[in-house]
Amino acid sequence: MVAWAKQGHDAAFRELVRRYERPVFSLLYRMVRDRALAEDLAQETFIKVLNGIKSYRPEFKFSSWIFKIANNAAIDHLRRKSIDTLSLDGAPSAETADQIRATSLQLDSRGESPLAEVESRELGTAIEGAIARLRPEYRSCILLRHVEGYSYEEIAETLDLPLGTVKTYIHRARNELRGYLEDRRD
Amino acid sequence: MADIMLHLTTDEIELWAQGLLPAARAIHLADCSLCRVEAERERKIILELVQLPKFAPSAGFADRVMAQVKIPTASGGWQV
């Protein structure tokens, strides 16, 4: 398909978008927790990938290339906006109900927006809330591992991280998720 | 023998959750309540993650992308 796209076939470009739009958008949406923004970043990712298709090296997995660009876009955005500590459940350091309320992302305040309601429905489950509390680096690793089914080696290649770091991030992320979920259930 | 006595590592617990733990290590798991509790907790979270839904962008996403893509031509130029 990529070789076909490189030859300039419009249908091949469309097929690449069709194949990867859901996984790429899902990763970005869970990273930034804002539908409109995730869509902008996904669009930016596909435009960069497809306009640079001639420079794609086939020894590198195409999906790894596209996820690398998507993840970089998300991380850059989170760093710029410093919103990585925001979550539905308040800052990780918040202990009392007042602290949690004060540091929570208030979806209700955007309640008049239909898009906010969709986001609340889609990302409002306990597990999605727990993922949102992870550091962005942990979040991308755990999503690539367990949602996309990537191997540790593929994640290391995609995110340009040493294999040991990927393993550490994933183990810590699972531990933190368990902790957040068990806290909620207690 | 020592292999059977050692507690499972996090990598081995992940293998077990995927049904890929070697039989020799499964013997330890069967006998060790500590490892069983840990493995069950880990399996639960992995299952929750694996079952997460995929989200779709809004309708017309592909068209919006394609409107901004320059498609290479056989002659080496671009068609927009």
# chains A, B, ... in the order shown; residues from 1 in each chain; ligands from 1

$ residues_around --residues "segment 15-17 of chain B" --least-positions-apart "3" --cutoff "9 Å" --atoms "only C-alpha atoms" --output "list in words"
Thr10, Asp11, Glu12, Leu20, Leu21, Pro22, Ala26, Ala39, Glu40, Glu42, Arg43, Lys44, Ile46 and Leu47 of chain B

$ write_last_selection --atoms "C-alpha atoms" --output "CSV table (one decimal), in the first residue's frame"
chain,number,residue,atom,x,y,z
B,10,THR,CA,6.7,-8.7,36.1
B,11,ASP,CA,7.6,-10.0,32.6
B,12,GLU,CA,6.6,-13.5,33.6
B,20,LEU,CA,2.5,-17.8,27.4
B,21,LEU,CA,4.1,-18.6,30.7
B,22,PRO,CA,6.4,-21.7,30.4
B,26,ALA,CA,3.4,-22.2,36.0
B,39,ALA,CA,-0.8,-12.2,38.7
B,40,GLU,CA,-4.6,-11.9,39.1
B,42,GLU,CA,-2.1,-7.7,36.8
B,43,ARG,CA,-4.3,-9.7,34.5
B,44,LYS,CA,-7.3,-7.6,35.5
B,46,ILE,CA,-4.3,-5.8,31.3
B,47,LEU,CA,-7.8,-7.0,30.4

$ interface_residues --of "chain A" --to "chain B" --cutoff "7 Å" --atoms "only C-alpha atoms" --output "VMD selection string"
chain A and resid 6 to 8 10 14 17 22 to 23 25 to 26 39 43 46 to 47 50 to 51 146 to 147 178

$ residues_around --residues "Ile170 of chain A" --least-positions-apart "6" --cutoff "8 Å" --atoms "only C-alpha atoms" --output "mmCIF file with N, CA and C atoms, in the first residue's frame"
data_model
loop_
_atom_site.group_PDB
_atom_site.id
_atom_site.type_symbol
_atom_site.label_atom_id
_atom_site.label_comp_id
_atom_site.auth_asym_id
_atom_site.auth_seq_id
_atom_site.Cartn_x
_atom_site.Cartn_y
_atom_site.Cartn_z
ATOM 1 N N TYR A 138 4.382 7.552 30.175
ATOM 2 C CA TYR A 138 3.830 6.262 30.580
ATOM 3 C C TYR A 138 2.578 5.961 29.749
ATOM 4 N N CYS A 141 3.326 4.695 26.240
ATOM 5 C CA CYS A 141 3.859 3.323 26.282
ATOM 6 C C CYS A 141 2.747 2.313 26.578
ATOM 7 N N ILE A 142 1.938 2.598 27.569
ATOM 8 C CA ILE A 142 0.914 1.621 27.970
ATOM 9 C C ILE A 142 -0.166 1.480 26.885
ATOM 10 N N ARG A 145 1.322 -0.567 24.075
ATOM 11 C CA ARG A 145 1.495 -1.975 24.470
ATOM 12 C C ARG A 145 0.155 -2.716 24.509
#

$ select_by_dssp --residues "segment 5-174 of chain A" --states "helix (DSSP H, G or I)" --output "ChimeraX atom specification"
/A:5-6,10-32,35-51,53-55,62-81,97-103,107-110,114-123,126-132,136-146,152-159,163-174

$ write_last_selection --atoms "C-alpha atoms" --output "CSV table (one decimal), in the first residue's frame"
chain,number,residue,atom,x,y,z
A,5,ALA,CA,1.1,5.6,-2.5
A,6,LYS,CA,4.7,6.5,-3.3
A,10,ASP,CA,-4.8,8.9,-4.6
A,11,ALA,CA,-6.7,5.7,-3.6
A,12,ALA,CA,-3.6,4.4,-1.8
A,13,PHE,CA,-3.4,7.7,0.2
A,14,ARG,CA,-7.0,7.4,1.2
A,15,GLU,CA,-6.6,3.7,2.1
A,16,LEU,CA,-3.7,4.6,4.5
A,17,VAL,CA,-5.9,7.3,6.2
A,18,ARG,CA,-8.8,4.8,6.4
A,19,ARG,CA,-6.5,2.1,8.0
A,20,TYR,CA,-4.8,4.3,10.5
A,21,GLU,CA,-7.3,7.1,11.4
A,22,ARG,CA,-8.9,5.2,14.3
A,23,PRO,CA,-5.7,4.0,16.0
A,24,VAL,CA,-3.9,7.3,15.5
A,25,PHE,CA,-6.9,9.3,16.6
A,26,SER,CA,-7.6,7.1,19.7
A,27,LEU,CA,-4.0,7.4,20.9
A,28,LEU,CA,-4.1,11.2,20.5
A,29,TYR,CA,-7.5,11.5,22.1
A,30,ARG,CA,-6.4,9.6,25.1
A,31,MET,CA,-3.2,11.6,25.3
A,32,VAL,CA,-4.8,15.1,25.1
A,35,ARG,CA,-11.7,15.6,20.8
A,36,ALA,CA,-11.3,18.7,18.6
A,37,LEU,CA,-7.6,19.0,19.5
A,38,ALA,CA,-7.0,15.3,19.0
A,39,GLU,CA,-8.5,15.6,15.5
A,40,ASP,CA,-6.3,18.6,14.7
A,41,LEU,CA,-3.2,16.7,15.8
A,42,ALA,CA,-4.3,13.6,13.9
A,43,GLN,CA,-4.8,15.7,10.8
A,44,GLU,CA,-1.4,17.3,11.3
A,45,THR,CA,0.1,13.8,11.7
A,46,PHE,CA,-1.4,12.4,8.5
A,47,ILE,CA,-0.5,15.5,6.4
A,48,LYS,CA,3.1,15.2,7.6
A,49,VAL,CA,3.2,11.5,6.9
A,50,LEU,CA,1.6,11.5,3.5
A,51,ASN,CA,3.5,14.6,2.3
A,53,ILE,CA,5.8,9.5,2.0
A,54,LYS,CA,8.8,9.6,-0.4
A,55,SER,CA,11.2,9.8,2.5
A,62,PHE,CA,4.9,2.1,8.6
A,63,SER,CA,2.6,2.1,11.7
A,64,SER,CA,5.6,2.8,13.9
A,65,TRP,CA,6.5,5.8,11.8
A,66,ILE,CA,3.0,7.2,12.0
A,67,PHE,CA,2.7,6.6,15.7
A,68,LYS,CA,6.0,8.2,16.3
A,69,ILE,CA,4.9,11.4,14.5
A,70,ALA,CA,1.5,11.3,16.3
A,71,ASN,CA,3.1,10.8,19.7
A,72,ASN,CA,5.6,13.6,19.2
A,73,ALA,CA,2.7,15.9,18.2
A,74,ALA,CA,0.9,15.0,21.5
A,75,ILE,CA,3.9,15.3,23.7
A,76,ASP,CA,4.9,18.6,22.1
A,77,HIS,CA,1.4,19.9,22.7
A,78,LEU,CA,1.3,18.7,26.3
A,79,ARG,CA,4.7,20.3,27.0
A,80,ARG,CA,3.7,23.6,25.4
A,81,LYS,CA,0.4,23.8,27.3
A,97,ALA,CA,-12.2,16.0,48.6
A,98,ASP,CA,-11.7,19.8,48.4
A,99,GLN,CA,-8.3,19.4,46.9
A,100,ILE,CA,-9.5,16.9,44.4
A,101,ARG,CA,-12.4,19.2,43.4
A,102,ALA,CA,-10.1,22.2,43.1
A,103,THR,CA,-7.7,20.4,40.8
A,107,LEU,CA,-16.4,18.8,32.4
A,108,ASP,CA,-19.6,20.1,33.9
A,109,SER,CA,-18.5,23.7,33.3
A,110,ARG,CA,-18.5,22.9,29.6
A,114,PRO,CA,-22.4,18.6,22.9
A,115,LEU,CA,-18.7,17.8,22.2
A,116,ALA,CA,-18.0,18.0,26.0
A,117,GLU,CA,-20.8,15.6,26.6
A,118,VAL,CA,-19.4,13.1,24.0
A,119,GLU,CA,-16.0,13.4,25.7
A,120,SER,CA,-17.5,12.8,29.1
A,121,ARG,CA,-19.2,9.7,27.9
A,122,GLU,CA,-16.2,8.4,26.0
A,123,LEU,CA,-13.5,9.1,28.5
A,126,ALA,CA,-12.7,4.7,35.7
A,127,ILE,CA,-10.0,3.1,33.5
A,128,GLU,CA,-9.9,6.2,31.2
A,129,GLY,CA,-9.7,8.5,34.2
A,130,ALA,CA,-6.8,6.4,35.6
A,131,ILE,CA,-4.9,6.6,32.2
A,132,ALA,CA,-5.3,10.3,32.2
A,136,PRO,CA,2.4,11.3,29.2
A,137,GLU,CA,5.4,9.1,28.6
A,138,TYR,CA,3.8,6.3,30.6
A,139,ARG,CA,0.5,6.9,28.8
A,140,SER,CA,1.9,6.5,25.3
A,141,CYS,CA,3.9,3.3,26.3
A,142,ILE,CA,0.9,1.6,28.0
A,143,LEU,CA,-1.5,2.5,25.1
A,144,LEU,CA,0.9,1.2,22.5
A,145,ARG,CA,1.5,-2.0,24.5
A,146,HIS,CA,-2.0,-3.0,25.5
A,152,TYR,CA,8.3,-3.8,23.8
A,153,GLU,CA,10.9,-3.7,21.0
A,154,GLU,CA,8.4,-2.0,18.6
A,155,ILE,CA,7.5,0.6,21.3
A,156,ALA,CA,11.2,1.3,21.9
A,157,GLU,CA,11.7,1.8,18.1
A,158,THR,CA,8.6,3.9,17.8
A,159,LEU,CA,9.3,6.2,20.7
A,163,LEU,CA,14.1,-1.1,25.7
A,164,GLY,CA,14.8,-1.1,29.5
A,165,THR,CA,13.1,2.3,29.8
A,166,VAL,CA,10.0,1.1,27.9
A,167,LYS,CA,9.7,-2.0,30.2
A,168,THR,CA,10.1,0.2,33.3
A,169,TYR,CA,7.5,2.8,32.1
A,170,ILE,CA,5.0,0.0,31.3
A,171,HIS,CA,5.5,-1.8,34.6
A,172,ARG,CA,5.2,1.5,36.5
A,173,ALA,CA,2.2,2.5,34.5
A,174,ARG,CA,0.3,-0.7,35.3

$ atom_distance --atom1 "atom CA of Gly60 of chain B" --atom2 "atom CA of Gly52 of chain A"
22.0 Å

$ select_by_dssp --residues "chain B" --states "strand (DSSP E)" --output "PyMOL selection string"
chain B and resi 71-72+78-79

$ atom_distance --atom1 "atom CA of Gly179 of chain A" --atom2 "atom CA of Cys32 of chain B"
22.5 Å

$ atom_distance --atom1 "atom CA of Arg135 of chain A" --atom2 "atom CA of Glu182 of chain A"
18.5 Å
